[in-house]
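Asker: The structure follows.
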Amino acid sequence: MAEITITEADQRRTTARILDVREDFEVEEGMIPGALHIPMGQLQARLSELDPAVPVIAVCRSGNRSARVADALNGAGFTADTMAGGMIAWTRAGLPTA
């Protein structure tokens, strides 16, 4: 698993699947446009929603949960990275949210 910057995530979001693993109440504050929301606790049950051929960028609030998710996805045969700083860094940088 690689930790990528918010700038790299923003550049790659058209070619990778952004996976937001935060809880519902956190996502209400906004998420990256086009991201798929699967709370961390539901990941195993919903893995079929991800295409193993498409790289994944896991995102959470600060980067801790998403690092664990990226590790789990890599172990399951996906190519996954985590976004350093999470949505805190993304919103502080003024990047778009939906």
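By convention in this document, the chains of the structure tokens carry letters A, B, ... by their order, each chain's residues are numbered from 1, and ligands are numbered from 1 in the order they are shown.
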Can you tell me, as a VMD selection string, what residues are no more than 12 Å from Ala53 of chain A when counting only C-alpha atoms, ignoring any on the same chain fewer than 6 positions away?
Answerer: chain A and resid 15 to 17 77 to 80
Asker: Could you give me the residues within segment 4-96 of chain A that DSSP places in strand (DSSP E), as a PyMOL selection string?
Answerer: chain A and resi 4+17-20+36-37+56-59+80-83
Asker: For all heavy atoms, I'd like the residues from the last selection saved as a CSV table (one decimal), in the first residue's frame.
Answerer:
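Okay, this is what ended up in out-v2.csv:
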chain,number,residue,atom,x,y,z
A,4,ILE,N,-0.6,8.2,-0.8
A,4,ILE,CA,-0.5,9.2,-1.8
A,4,ILE,C,-1.0,10.6,-1.2
A,4,ILE,O,-1.8,10.6,-0.3
A,4,ILE,CB,-1.2,8.8,-3.1
A,4,ILE,CG1,-2.7,8.7,-2.9
A,4,ILE,CG2,-0.6,7.6,-3.7
A,4,ILE,CD1,-3.5,8.5,-4.1
A,17,ARG,N,-10.8,4.4,-8.6
A,17,ARG,CA,-12.0,4.4,-7.8
A,17,ARG,C,-11.7,5.0,-6.4
A,17,ARG,O,-10.9,4.5,-5.7
A,17,ARG,CB,-12.6,3.0,-7.7
A,17,ARG,CG,-13.7,2.9,-6.7
A,17,ARG,CD,-14.9,3.8,-6.9
A,17,ARG,NE,-15.9,3.2,-7.8
A,17,ARG,CZ,-17.0,3.9,-8.1
A,17,ARG,NH1,-17.2,5.1,-7.7
A,17,ARG,NH2,-17.9,3.3,-8.8
A,18,ILE,N,-12.3,6.1,-6.1
A,18,ILE,CA,-12.2,6.7,-4.8
A,18,ILE,C,-13.2,6.0,-3.9
A,18,ILE,O,-14.4,5.9,-4.2
A,18,ILE,CB,-12.5,8.2,-4.8
A,18,ILE,CG1,-11.6,9.0,-5.8
A,18,ILE,CG2,-12.4,8.8,-3.3
A,18,ILE,CD1,-10.2,9.1,-5.4
A,19,LEU,N,-12.7,5.4,-2.8
A,19,LEU,CA,-13.5,4.6,-1.9
A,19,LEU,C,-13.5,5.3,-0.6
A,19,LEU,O,-12.5,5.4,0.1
A,19,LEU,CB,-13.0,3.2,-1.8
A,19,LEU,CG,-13.7,2.3,-0.7
A,19,LEU,CD1,-15.1,2.1,-1.1
A,19,LEU,CD2,-12.9,1.0,-0.6
A,20,ASP,N,-14.7,5.9,-0.2
A,20,ASP,CA,-14.8,6.6,1.1
A,20,ASP,C,-15.3,5.6,2.1
A,20,ASP,O,-16.4,5.1,2.0
A,20,ASP,CB,-15.8,7.7,0.9
A,20,ASP,CG,-15.8,8.7,2.1
A,20,ASP,OD1,-15.7,8.3,3.2
A,20,ASP,OD2,-15.9,9.9,1.8
A,36,LEU,N,-17.2,6.3,-4.1
A,36,LEU,CA,-18.1,5.3,-3.7
A,36,LEU,C,-18.0,5.2,-2.2
A,36,LEU,O,-16.9,5.1,-1.6
A,36,LEU,CB,-17.7,3.9,-4.3
A,36,LEU,CG,-18.4,2.7,-3.8
A,36,LEU,CD1,-19.9,2.7,-4.1
A,36,LEU,CD2,-17.8,1.4,-4.4
A,37,HIS,N,-19.2,5.2,-1.5
A,37,HIS,CA,-19.2,5.2,0.0
A,37,HIS,C,-19.5,3.8,0.4
A,37,HIS,O,-20.6,3.3,0.2
A,37,HIS,CB,-20.2,6.2,0.5
A,37,HIS,CG,-20.4,6.1,2.0
A,37,HIS,ND1,-21.6,6.0,2.6
A,37,HIS,CD2,-19.5,6.1,3.0
A,37,HIS,CE1,-21.4,6.0,3.9
A,37,HIS,NE2,-20.1,6.0,4.2
A,56,VAL,N,-7.8,1.4,-6.6
A,56,VAL,CA,-8.6,2.1,-5.5
A,56,VAL,C,-7.8,3.0,-4.7
A,56,VAL,O,-6.6,2.8,-4.4
A,56,VAL,CB,-9.2,1.0,-4.6
A,56,VAL,CG1,-10.0,1.6,-3.4
A,56,VAL,CG2,-10.1,0.0,-5.3
A,57,ILE,N,-8.4,4.2,-4.4
A,57,ILE,CA,-7.8,5.1,-3.5
A,57,ILE,C,-8.8,5.2,-2.3
A,57,ILE,O,-9.9,5.7,-2.4
A,57,ILE,CB,-7.6,6.5,-4.1
A,57,ILE,CG1,-6.7,6.5,-5.3
A,57,ILE,CG2,-7.1,7.5,-3.0
A,57,ILE,CD1,-6.6,7.8,-6.1
A,58,ALA,N,-8.3,4.7,-1.1
A,58,ALA,CA,-9.2,4.6,0.0
A,58,ALA,C,-9.0,6.0,0.8
A,58,ALA,O,-7.9,6.5,1.0
A,58,ALA,CB,-8.8,3.5,0.9
A,59,VAL,N,-10.2,6.5,1.3
A,59,VAL,CA,-10.2,7.8,1.9
A,59,VAL,C,-11.1,7.6,3.2
A,59,VAL,O,-12.1,7.0,3.2
A,59,VAL,CB,-10.9,8.8,1.0
A,59,VAL,CG1,-11.1,10.1,1.7
A,59,VAL,CG2,-10.1,9.0,-0.3
A,80,ALA,N,-4.5,-0.9,-4.2
A,80,ALA,CA,-5.1,0.1,-3.4
A,80,ALA,C,-4.1,1.0,-2.7
A,80,ALA,O,-3.1,0.5,-2.2
A,80,ALA,CB,-6.1,-0.5,-2.4
A,81,ASP,N,-4.3,2.3,-2.7
A,81,ASP,CA,-3.5,3.2,-2.0
A,81,ASP,C,-4.4,3.9,-1.0
A,81,ASP,O,-5.6,3.9,-1.0
A,81,ASP,CB,-2.9,4.3,-2.9
A,81,ASP,CG,-2.0,3.6,-4.0
A,81,ASP,OD1,-1.2,2.8,-3.6
A,81,ASP,OD2,-2.1,4.0,-5.1
A,82,THR,N,-3.8,4.7,-0.1
A,82,THR,CA,-4.5,5.5,0.9
A,82,THR,C,-4.1,7.0,0.7
A,82,THR,O,-3.0,7.2,0.3
A,82,THR,CB,-4.2,5.0,2.4
A,82,THR,OG1,-5.0,5.8,3.2
A,82,THR,CG2,-2.8,5.2,2.7
A,83,MET,N,-5.1,7.8,0.9
A,83,MET,CA,-4.8,9.3,0.8
A,83,MET,C,-4.4,9.9,2.1
A,83,MET,O,-5.2,9.9,3.1
A,83,MET,CB,-6.1,10.0,0.2
A,83,MET,CG,-5.9,11.4,-0.1
A,83,MET,SD,-7.4,12.2,-0.8
A,83,MET,CE,-8.3,12.5,0.7
Asker: Based on DSSP run over this structure's backbone, return all residues of chain A in alpha helix (DSSP H), as a ChimeraX atom specification.
Answerer: /A:6-12,24-27,43-46,64-75,86-92
Asker: Name the closest residue to Val54 of chain A among the candidates A:Ser66, A:Ile32, A:Val21, A:Thr14; distances are taken between atoms, counting only C-alpha atoms.
Answerer: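 Of A:Ser66, A:Ile32, A:Val21, A:Thr14, the one nearest Val54 of chain A, counting only C-alpha atoms, is A:Thr14.
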Asker: Can you work out which one of A:Arg22, A:Glu29, A:Asp10, A:Glu3 has the shortest atom-to-atom distance to Arg65 of chain A, counting only C-alpha atoms?
Answerer: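 Closest residue, counting only C-alpha atoms: A:Arg22.
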Asker: Pick the closest to Ala35 of chain A from A:Leu50, A:Gly63, A:Asp71, A:Gly94: which is it, counting only C-alpha atoms?
Answerer: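 When distances to Ala35 of chain A are compared using only C-alpha atoms, the smallest one comes from A:Leu50.
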Asker: When you count only C-alpha atoms, which of these residues is closest to Ile88 of chain A: A:Gly30, A:Arg46, A:Gln11, A:Glu23?
Answerer: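 Looking at the shortest contact to Ile88 of chain A, the residue is A:Gly30.
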